[in-house]
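Here is the file coords13.tsv (TSV, C-alpha atoms).
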```tsv
chain	number	residue	atom	x	y	z
A	823	MET	CA	117.77	-63.89	74.39
A	824	ASP	CA	115.24	-61.11	73.90
A	825	PRO	CA	115.67	-60.03	70.24
A	826	HIS	CA	114.90	-56.45	71.24
A	827	SER	CA	117.58	-56.28	73.92
A	828	GLN	CA	120.66	-54.20	73.32
A	829	PRO	CA	124.12	-55.82	73.18
A	830	PRO	CA	126.43	-55.23	76.16
A	831	PRO	CA	128.32	-51.92	75.80
A	832	ALA	CA	131.68	-53.60	75.18
A	833	ALA	CA	130.11	-55.82	72.50
A	834	ALA	CA	128.68	-52.72	70.81
A	835	ILE	CA	132.18	-51.21	70.59
A	836	LEU	CA	133.57	-54.48	69.24
A	837	GLN	CA	130.85	-54.38	66.59
A	838	LEU	CA	132.00	-50.90	65.55
A	839	ILE	CA	135.53	-52.21	65.11
A	840	THR	CA	134.47	-55.22	63.06
A	841	ASN	CA	132.27	-52.94	60.93
A	842	VAL	CA	135.45	-51.21	59.78
A	843	TRP	CA	136.91	-54.55	58.71
A	844	ALA	CA	133.64	-55.59	57.09
A	845	ALA	CA	133.46	-52.45	54.95
A	846	GLN	CA	136.90	-53.07	53.48
A	847	ALA	CA	136.22	-56.78	52.98
A	848	ALA	CA	132.99	-55.95	51.14
A	849	ALA	CA	134.89	-53.41	49.05
A	850	ALA	CA	137.48	-56.02	48.05
A	851	PHE	CA	134.60	-58.32	47.08
A	852	ALA	CA	133.18	-55.48	44.96
A	853	ARG	CA	136.47	-54.52	43.31
A	854	LEU	CA	137.16	-58.14	42.34
A	855	GLY	CA	133.75	-58.30	40.65
A	856	ILE	CA	132.75	-61.40	42.59
A	857	ALA	CA	129.05	-60.46	42.71
A	858	ASP	CA	128.95	-60.57	38.92
A	859	LEU	CA	130.59	-64.02	38.94
A	860	LEU	CA	127.94	-65.32	41.35
A	861	ALA	CA	124.99	-63.68	39.56
A	862	ASP	CA	124.07	-66.82	37.62
A	863	GLY	CA	124.32	-69.17	40.59
A	864	PRO	CA	126.60	-70.49	43.34
A	865	ARG	CA	130.29	-70.95	42.61
A	866	SER	CA	133.15	-72.51	44.51
A	867	ALA	CA	135.84	-70.37	46.04
A	868	GLY	CA	138.34	-72.08	43.72
A	869	HIS	CA	136.32	-71.07	40.66
A	870	VAL	CA	136.10	-67.47	41.89
A	871	ALA	CA	139.84	-67.37	42.56
A	872	GLU	CA	140.61	-68.70	39.10
A	873	ARG	CA	138.33	-66.18	37.41
A	874	THR	CA	139.68	-63.21	39.40
A	875	GLY	CA	143.33	-64.27	39.42
A	876	ALA	CA	143.39	-64.18	43.21
A	877	ASN	CA	144.96	-66.51	45.77
A	878	PRO	CA	142.64	-69.53	46.29
A	879	ASP	CA	142.93	-69.79	50.06
A	880	ALA	CA	142.65	-66.02	50.55
A	881	THR	CA	139.61	-65.92	48.24
A	882	TYR	CA	137.91	-68.59	50.35
A	883	ARG	CA	138.68	-66.64	53.51
A	884	LEU	CA	137.27	-63.44	51.97
A	885	LEU	CA	134.06	-65.19	50.93
A	886	ARG	CA	133.75	-66.80	54.35
A	887	GLY	CA	134.35	-63.40	55.94
A	888	VAL	CA	131.62	-61.56	54.07
A	889	THR	CA	129.07	-64.20	55.04
A	890	ALA	CA	129.19	-62.45	58.42
A	891	VAL	CA	127.56	-59.36	56.92
A	892	GLY	CA	125.09	-61.19	54.69
A	893	ILE	CA	126.73	-60.60	51.30
A	894	VAL	CA	126.99	-64.29	50.42
A	895	ARG	CA	125.62	-67.53	51.87
A	896	ALA	CA	127.94	-70.49	52.50
A	897	LEU	CA	127.06	-73.84	50.93
A	898	PRO	CA	128.86	-77.21	51.18
A	899	ASP	CA	132.24	-77.78	49.51
A	900	ARG	CA	133.48	-74.21	49.86
A	901	THR	CA	130.72	-72.97	47.58
A	902	PHE	CA	128.98	-69.64	48.01
A	903	ALA	CA	125.72	-68.10	46.79
A	904	LEU	CA	124.87	-64.43	46.38
A	905	THR	CA	122.26	-62.94	48.73
A	906	PRO	CA	119.93	-59.97	48.06
A	907	VAL	CA	122.49	-57.78	49.86
A	908	GLY	CA	125.24	-59.13	47.63
A	909	GLU	CA	123.08	-58.39	44.57
A	910	CYS	CA	123.58	-54.71	45.37
A	911	LEU	CA	127.30	-55.17	44.66
A	912	ARG	CA	126.72	-56.29	41.08
A	913	SER	CA	127.64	-53.85	38.32
A	914	GLY	CA	125.08	-52.41	35.94
A	915	VAL	CA	121.94	-53.24	37.92
A	916	PRO	CA	119.41	-50.61	39.08
A	917	THR	CA	120.02	-51.32	42.78
A	918	SER	CA	123.82	-51.34	42.51
A	919	MET	CA	125.81	-49.80	45.34
A	920	ARG	CA	129.10	-51.21	44.05
A	921	SER	CA	130.70	-47.96	42.92
A	922	LEU	CA	129.65	-46.09	46.04
A	923	LEU	CA	131.21	-48.74	48.27
A	924	ILE	CA	134.39	-48.72	46.19
A	925	ALA	CA	134.62	-44.92	46.31
A	926	GLU	CA	133.96	-44.62	50.03
A	927	THR	CA	136.60	-47.23	50.93
A	928	ALA	CA	139.24	-46.06	48.45
A	929	ARG	CA	142.25	-43.94	49.32
A	930	GLY	CA	140.49	-40.65	48.61
A	931	HIS	CA	137.98	-41.20	51.42
A	932	TRP	CA	139.67	-43.76	53.63
A	933	LEU	CA	142.82	-41.75	54.37
A	934	PRO	CA	141.02	-38.53	55.37
A	935	TRP	CA	138.68	-40.47	57.66
A	936	GLY	CA	141.76	-41.79	59.44
A	937	GLU	CA	142.39	-38.18	60.48
A	938	VAL	CA	138.91	-37.30	61.72
A	939	GLU	CA	140.47	-36.11	64.99
A	940	HIS	CA	142.40	-33.49	63.00
A	941	SER	CA	139.13	-32.19	61.56
A	942	VAL	CA	137.49	-32.09	64.99
A	943	ARG	CA	140.42	-30.19	66.48
A	944	THR	CA	140.76	-27.70	63.63
A	945	GLY	CA	137.29	-27.57	62.05
A	946	GLU	CA	138.96	-28.12	58.68
A	947	PRO	CA	138.82	-30.99	56.17
A	948	ALA	CA	141.48	-33.67	56.56
A	949	THR	CA	142.08	-33.99	52.82
A	950	HIS	CA	145.00	-31.56	52.61
A	951	LYS	CA	146.70	-33.31	55.54
A	952	THR	CA	146.30	-36.78	54.02
A	953	LEU	CA	146.00	-36.28	50.25
A	954	GLY	CA	147.87	-33.01	49.85
A	955	MET	CA	144.92	-31.36	48.10
A	956	SER	CA	141.15	-30.88	48.21
A	957	ALA	CA	138.85	-33.81	47.53
A	958	TRP	CA	137.80	-32.28	44.20
A	959	ASP	CA	141.41	-31.81	43.07
A	960	TYR	CA	142.16	-35.36	44.16
A	961	TYR	CA	139.36	-36.75	42.02
A	962	GLN	CA	140.52	-34.71	39.06
A	963	ALA	CA	143.96	-36.28	39.45
A	964	ASN	CA	142.58	-39.80	40.01
A	965	PRO	CA	139.99	-40.46	37.28
A	966	GLU	CA	139.26	-44.07	38.24
A	967	GLU	CA	138.24	-43.09	41.77
A	968	ALA	CA	136.39	-40.10	40.33
A	969	PHE	CA	134.39	-42.40	38.05
A	970	HIS	CA	133.34	-44.64	40.93
A	971	PHE	CA	132.44	-41.60	43.04
A	972	ALA	CA	130.32	-40.07	40.25
A	973	GLU	CA	128.64	-43.38	39.49
A	974	GLY	CA	128.06	-43.95	43.20
A	975	MET	CA	126.37	-40.58	43.54
A	976	GLY	CA	124.21	-41.51	40.57
A	977	ASN	CA	123.24	-44.75	42.29
A	978	VAL	CA	122.24	-42.80	45.41
A	979	SER	CA	120.15	-40.47	43.24
A	980	ALA	CA	118.47	-43.45	41.61
A	981	MET	CA	117.80	-44.98	45.02
A	982	ALA	CA	116.32	-41.74	46.34
A	983	GLY	CA	114.52	-40.84	43.12
A	984	GLU	CA	111.51	-43.08	43.63
A	985	ALA	CA	110.97	-41.81	47.18
A	986	VAL	CA	111.45	-38.19	46.12
A	987	LEU	CA	109.06	-38.47	43.19
A	988	GLY	CA	106.54	-40.27	45.36
A	989	ALA	CA	106.38	-37.18	47.56
A	990	TYR	CA	107.07	-34.38	45.09
A	991	GLY	CA	105.91	-34.82	41.50
A	992	PHE	CA	107.63	-31.82	39.83
A	993	ASP	CA	104.24	-30.83	38.43
A	994	GLY	CA	104.39	-28.26	35.64
A	995	ALA	CA	108.12	-28.62	35.01
A	996	ARG	CA	109.05	-27.73	31.43
A	997	LEU	CA	112.85	-27.29	31.49
A	998	VAL	CA	114.59	-29.05	34.36
A	999	VAL	CA	118.21	-28.10	35.07
A	1000	ASP	CA	119.96	-30.78	37.12
A	1001	VAL	CA	122.76	-28.81	38.78
A	1002	GLY	CA	125.72	-31.02	39.64
A	1003	GLY	CA	123.65	-33.96	38.42
A	1004	SER	CA	126.56	-36.41	37.90
A	1005	HIS	CA	125.44	-39.08	35.39
A	1006	GLY	CA	121.85	-37.84	35.29
A	1007	SER	CA	119.87	-40.28	37.43
A	1008	MET	CA	117.81	-37.51	39.01
A	1009	VAL	CA	116.92	-35.60	35.86
A	1010	ALA	CA	116.08	-38.90	34.16
A	1011	ALA	CA	113.68	-39.80	36.95
A	1012	VAL	CA	111.98	-36.41	36.74
A	1013	LEU	CA	111.62	-36.54	32.95
A	1014	LYS	CA	110.12	-40.02	33.10
A	1015	ARG	CA	107.49	-38.59	35.48
A	1016	GLN	CA	107.00	-35.48	33.33
A	1017	PRO	CA	106.99	-36.74	29.70
A	1018	SER	CA	106.53	-33.28	28.15
A	1019	ALA	CA	109.52	-31.77	29.97
A	1020	ARG	CA	113.09	-31.44	28.76
A	1021	GLY	CA	116.26	-31.38	30.79
A	1022	ILE	CA	119.76	-30.00	31.03
A	1023	LEU	CA	122.35	-32.09	32.86
A	1024	PHE	CA	124.98	-29.71	34.20
A	1025	ASP	CA	128.21	-30.87	35.84
A	1026	LEU	CA	131.94	-30.83	35.22
A	1027	PRO	CA	132.75	-31.59	31.58
A	1028	HIS	CA	134.38	-34.97	32.22
A	1029	VAL	CA	131.40	-36.05	34.34
A	1030	VAL	CA	128.66	-35.27	31.82
A	1031	GLU	CA	130.71	-36.89	29.06
A	1032	GLU	CA	130.24	-40.21	30.88
A	1033	ALA	CA	126.47	-39.78	31.35
A	1034	GLY	CA	125.36	-41.03	27.94
A	1035	PRO	CA	124.83	-44.72	28.81
A	1036	MET	CA	122.75	-43.93	31.88
A	1037	LEU	CA	120.53	-41.44	30.05
A	1038	ALA	CA	120.11	-43.87	27.15
A	1039	ALA	CA	119.20	-46.73	29.49
A	1040	ALA	CA	116.56	-44.49	31.09
A	1041	GLY	CA	115.11	-43.66	27.67
A	1042	VAL	CA	115.56	-39.88	28.01
A	1043	ALA	CA	118.81	-39.23	26.11
A	1044	ASP	CA	116.97	-37.37	23.34
A	1045	ARG	CA	115.38	-35.02	25.88
A	1046	VAL	CA	118.50	-34.13	27.88
A	1047	GLU	CA	121.18	-31.68	26.84
A	1048	ARG	CA	124.52	-32.27	28.55
A	1049	ARG	CA	126.51	-29.15	29.45
A	1050	GLY	CA	129.85	-28.91	31.22
A	1051	GLY	CA	130.75	-26.11	33.58
A	1052	ASP	CA	131.25	-24.98	37.16
A	1053	PHE	CA	128.07	-24.19	39.11
A	1054	ARG	CA	130.07	-21.95	41.45
A	1055	ARG	CA	130.46	-19.55	38.51
A	1056	GLU	CA	127.18	-19.89	36.60
A	1057	VAL	CA	124.44	-22.33	35.66
A	1058	PRO	CA	122.45	-22.71	32.42
A	1059	ALA	CA	119.80	-20.04	31.99
A	1060	GLY	CA	116.10	-20.34	31.24
A	1061	GLY	CA	115.06	-23.30	33.33
A	1062	ASP	CA	111.88	-23.24	35.35
A	1063	THR	CA	113.05	-25.97	37.76
A	1064	TYR	CA	116.60	-26.11	39.14
A	1065	VAL	CA	117.33	-29.36	40.99
A	1066	LEU	CA	120.22	-29.63	43.45
A	1067	LYS	CA	120.37	-33.20	44.74
A	1068	ALA	CA	122.98	-33.70	47.51
A	1069	ILE	CA	124.92	-30.64	46.30
A	1070	LEU	CA	124.60	-27.96	48.98
A	1071	HIS	CA	125.81	-30.21	51.80
A	1072	ASP	CA	129.22	-30.30	50.07
A	1073	TRP	CA	129.79	-26.56	50.46
A	1074	SER	CA	130.16	-23.85	53.11
A	1075	ASP	CA	127.35	-21.37	53.73
A	1076	ASP	CA	128.96	-18.66	51.59
A	1077	GLU	CA	129.60	-21.12	48.76
A	1078	CYS	CA	125.98	-22.34	48.95
A	1079	VAL	CA	124.68	-18.80	48.74
A	1080	ALA	CA	126.77	-18.22	45.60
A	1081	ILE	CA	125.43	-21.42	43.98
A	1082	LEU	CA	121.83	-20.57	44.86
A	1083	ALA	CA	122.25	-16.98	43.68
A	1084	ASN	CA	123.48	-18.33	40.33
A	1085	CYS	CA	120.27	-20.37	40.08
A	1086	ARG	CA	118.19	-17.33	41.07
A	1087	ARG	CA	119.75	-15.22	38.32
A	1088	ALA	CA	119.42	-17.96	35.70
A	1089	MET	CA	115.86	-19.13	36.32
A	1090	ALA	CA	112.92	-18.17	34.16
A	1091	PRO	CA	110.18	-15.99	35.70
A	1092	GLY	CA	108.09	-18.04	38.10
A	1093	GLY	CA	110.84	-20.64	38.42
A	1094	ARG	CA	111.77	-22.67	41.46
A	1095	VAL	CA	114.78	-24.28	43.09
A	1096	VAL	CA	114.28	-27.83	44.36
A	1097	VAL	CA	116.87	-29.00	46.87
A	1098	VAL	CA	117.07	-32.68	47.84
A	1099	GLU	CA	119.10	-33.23	51.00
A	1100	MET	CA	119.10	-34.97	54.34
A	1101	LEU	CA	117.88	-32.76	57.16
A	1102	ILE	CA	119.29	-32.38	60.64
A	1103	ASP	CA	116.23	-32.79	62.86
A	1104	ASP	CA	116.92	-33.80	66.46
A	1105	ALA	CA	113.20	-34.27	67.09
A	1106	GLY	CA	112.65	-36.52	64.08
A	1107	PRO	CA	113.25	-40.25	63.55
A	1108	PRO	CA	116.80	-41.69	63.56
A	1109	SER	CA	118.69	-40.57	60.47
A	1110	PRO	CA	122.12	-40.98	58.89
A	1111	ALA	CA	122.32	-37.18	58.61
A	1112	PRO	CA	124.57	-36.65	61.69
A	1113	LEU	CA	127.13	-39.17	60.39
A	1114	MET	CA	126.93	-37.65	56.90
A	1115	ASP	CA	127.60	-34.30	58.57
A	1116	LEU	CA	130.85	-35.74	59.96
A	1117	ASN	CA	131.73	-36.96	56.47
A	1118	MET	CA	131.34	-33.39	55.22
A	1119	LEU	CA	133.57	-32.17	58.05
A	1120	VAL	CA	136.31	-34.65	57.15
A	1121	MET	CA	136.10	-34.41	53.38
A	1122	LEU	CA	134.81	-30.98	52.36
A	1123	THR	CA	133.80	-27.53	53.53
A	1124	GLY	CA	130.12	-28.40	53.84
A	1125	ARG	CA	127.69	-29.69	56.43
A	1126	GLU	CA	124.20	-31.11	56.87
A	1127	ARG	CA	121.67	-28.45	57.87
A	1128	THR	CA	118.37	-27.80	59.61
A	1129	ALA	CA	115.33	-26.42	57.79
A	1130	GLU	CA	115.96	-23.05	59.42
A	1131	GLU	CA	119.53	-23.01	58.17
A	1132	PHE	CA	118.37	-23.77	54.63
A	1133	GLY	CA	115.87	-20.92	54.91
A	1134	ASN	CA	118.69	-18.55	55.82
A	1135	LEU	CA	120.73	-19.65	52.80
A	1136	PHE	CA	117.77	-19.09	50.48
A	1137	ARG	CA	117.09	-15.67	51.95
A	1138	ARG	CA	120.70	-14.57	51.43
A	1139	ALA	CA	120.49	-15.76	47.79
A	1140	GLY	CA	117.30	-13.82	47.06
A	1141	LEU	CA	115.00	-16.84	47.37
A	1142	LYS	CA	112.16	-17.78	49.69
A	1143	LEU	CA	111.69	-21.20	51.30
A	1144	GLU	CA	108.20	-22.37	50.34
A	1145	ARG	CA	107.95	-25.83	51.87
A	1146	VAL	CA	109.82	-28.88	53.15
A	1147	VAL	CA	108.40	-32.18	51.89
A	1148	PRO	CA	109.37	-35.41	53.70
A	1149	THR	CA	109.88	-38.62	51.74
A	1150	HIS	CA	110.05	-42.33	52.55
A	1151	SER	CA	113.84	-42.08	52.62
A	1152	PRO	CA	116.49	-40.14	54.57
A	1153	PHE	CA	116.02	-37.25	52.10
A	1154	VAL	CA	113.60	-34.34	52.11
A	1155	VAL	CA	112.58	-32.05	49.27
A	1156	ILE	CA	113.01	-28.32	49.96
A	1157	GLU	CA	111.32	-25.94	47.52
A	1158	ALA	CA	112.28	-22.30	47.13
A	1159	THR	CA	111.02	-19.58	44.80
A	1160	ALA	CA	111.90	-16.01	43.96
A	1161	PRO	CA	109.80	-13.67	46.16
```
Could you write out this structure as structure tokens?
Amino acid sequence: MDPHSQPPPAAAILQLITNVWAAQAAAAFARLGIADLLADGPRSAGHVAERTGANPDATYRLLRGVTAVGIVRALPDRTFALTPVGECLRSGVPTSMRSLLIAETARGHWLPWGEVEHSVRTGEPATHKTLGMSAWDYYQANPEEAFHFAEGMGNVSAMAGEAVLGAYGFDGARLVVDVGGSHGSMVAAVLKRQPSARGILFDLPHVVEEAGPMLAAAGVADRVERRGGDFRREVPAGGDTYVLKAILHDWSDDECVAILANCRRAMAPGGRVVVVEMLIDDAGPPSPAPLMDLNMLVMLTGRERTAEEFGNLFRRAGLKLERVVPTHSPFVVIEATAP
């Protein structure tokens, strides 16, 4: 078969269906901590079941199932070895995607996505219909899911950080305010590039309280002040660089304008706002942005945007779009200044 040929249409739909199963199987693998058990070498399904307290036959079937998506490799005697993909489901490694997978397949995301039709019909998030509250209120009431979500966002920031800094060096930054910066992966990456700069990590109080280990591991804890608050009300004053990584896509246009206006009021003279987001660009290369846009429709009040739409938000907030910098990742860097 020609490796470049497309699967038959019906097979493509079947693949979509099995992808749903695969995501939840991979999430069970992640929640059980199996990647950590296999980190030092292959283990039998019986050993994994004993260590996790799971049913032996069901554990074998799970491990056999996730071979189909390349998470483990099957060896003789019901033994399995971790693959490079499976390595990403280990905890505490730089490339970890474990928490993000857990968060995206947990009740707080999975139930609303089951009602995507409701969001399409109404234009409203499905969280109130399925969870009885907004996504943010749900996370406040469910701290374990909130932790995985925050850590997952930090992992995405770490993944994107190298590509972002390869394209945009944050030259001249002295005081970097990471607005909604979760556990601080982004501000840590910037400070490592700019050794004379200092940072403020600004997010909800319970989020920044958990950021210490990540900042310490990055070697920047002594250069980052952690502050709790709500960026919809105000942000720390005096920074010359305000970073918003994957923040604005969570919010409606009016909410974005309020957040950006807070940054405009708080920034030092000559300061800048640096937005890191995916961009809707129908003429560009294939991107996950359209699917992320649907996630915003289902979960929140936000959306993914075009460069022109970002320019309009900046203008309404008293800022001017200076440039859009592509990166070797799905993200772009959008710089705005005060005119």
Discussion item. Considering all atoms listed in the file, can you say which of A:Val888, A:Val894, A:Leu904, A:Ala972 comes closest to Ala925 in chain A?
Written reply: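 Using all atoms listed in the file, Ala925 in chain A sits closest to A:Ala972.
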Item to complete: In Å, rounded to a single decimal, give me how far CA of Ala968 in chain A is from CA of Leu953 in chain A.
Response: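 Going from CA of Leu953 in chain A over to CA of Ala968 in chain A, I get 14.3 Å.
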Item to complete: Determine, counting only C-alpha atoms, which protein, DNA and RNA residues have an atom within 9 Å of an atom of Ile1081 in chain A; residues of the same chain fewer than 6 positions away are not included. Present the result as a VMD selection string.
Response: chain A and resid 1053 to 1057 1070 1139
Worksheet entry | Residue contacts of range 1031-1035 of chain A (7 Å, all atoms listed in the file) excluding same-chain residues fewer than 4 positions away, as a count of residues only | 4
Worksheet item: What is the distance between CA of Ala896 in chain A and CA of Arg865 in chain A, in Å to one decimal?
Response: 10.2 Å
Go through range 1060-1106 of chain A residue by residue and, counting only C-alpha atoms, keep those with an atom at most 10 Å from range 1112-1121 of chain A; for each kept residue give the shortest atom pair and its distance in Å to one decimal, ordered by chain and increasing number, as CSV.
```
residue,atom,partner,partner_atom,distance
A:His1071,CA,A:Met1118,CA,7.2
A:Asp1072,CA,A:Met1118,CA,6.4
A:Trp1073,CA,A:Met1118,CA,8.5
A:Ser1074,CA,A:Met1118,CA,9.8
A:Met1100,CA,A:Met1114,CA,8.7
A:Leu1101,CA,A:Pro1112,CA,9.0
A:Ile1102,CA,A:Pro1112,CA,6.9
A:Asp1103,CA,A:Pro1112,CA,9.3
A:Asp1104,CA,A:Pro1112,CA,9.5
```
Write out, as a PDB file, in the frame of the given file, the residues just selected, with C-alpha atoms.
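The result, stored in part-v2.pdb:
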```pdb
ATOM      1  CA  HIS A1071     125.810 -30.210  51.800  1.00  0.00           C
ATOM      2  CA  ASP A1072     129.220 -30.300  50.070  1.00  0.00           C
ATOM      3  CA  TRP A1073     129.790 -26.560  50.460  1.00  0.00           C
ATOM      4  CA  SER A1074     130.160 -23.850  53.110  1.00  0.00           C
ATOM      5  CA  MET A1100     119.100 -34.970  54.340  1.00  0.00           C
ATOM      6  CA  LEU A1101     117.880 -32.760  57.160  1.00  0.00           C
ATOM      7  CA  ILE A1102     119.290 -32.380  60.640  1.00  0.00           C
ATOM      8  CA  ASP A1103     116.230 -32.790  62.860  1.00  0.00           C
ATOM      9  CA  ASP A1104     116.920 -33.800  66.460  1.00  0.00           C
TER      10      ASP A1104
END
```
Worksheet item: How far is it from CA of Glu926 in chain A to CA of Pro878 in chain A, in Å with one decimal?
Response: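 Between CA of Glu926 in chain A and CA of Pro878 in chain A the gap is 26.6 Å.
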Discussion item. At a cut-off of 8 Å, using all atoms listed in the file, what residues contact Asn977 in chain A? Leave out same-chain residues fewer than 5 positions from it and give the result as number ranges by chain.
Written reply: A: 916-919, 922, 1007
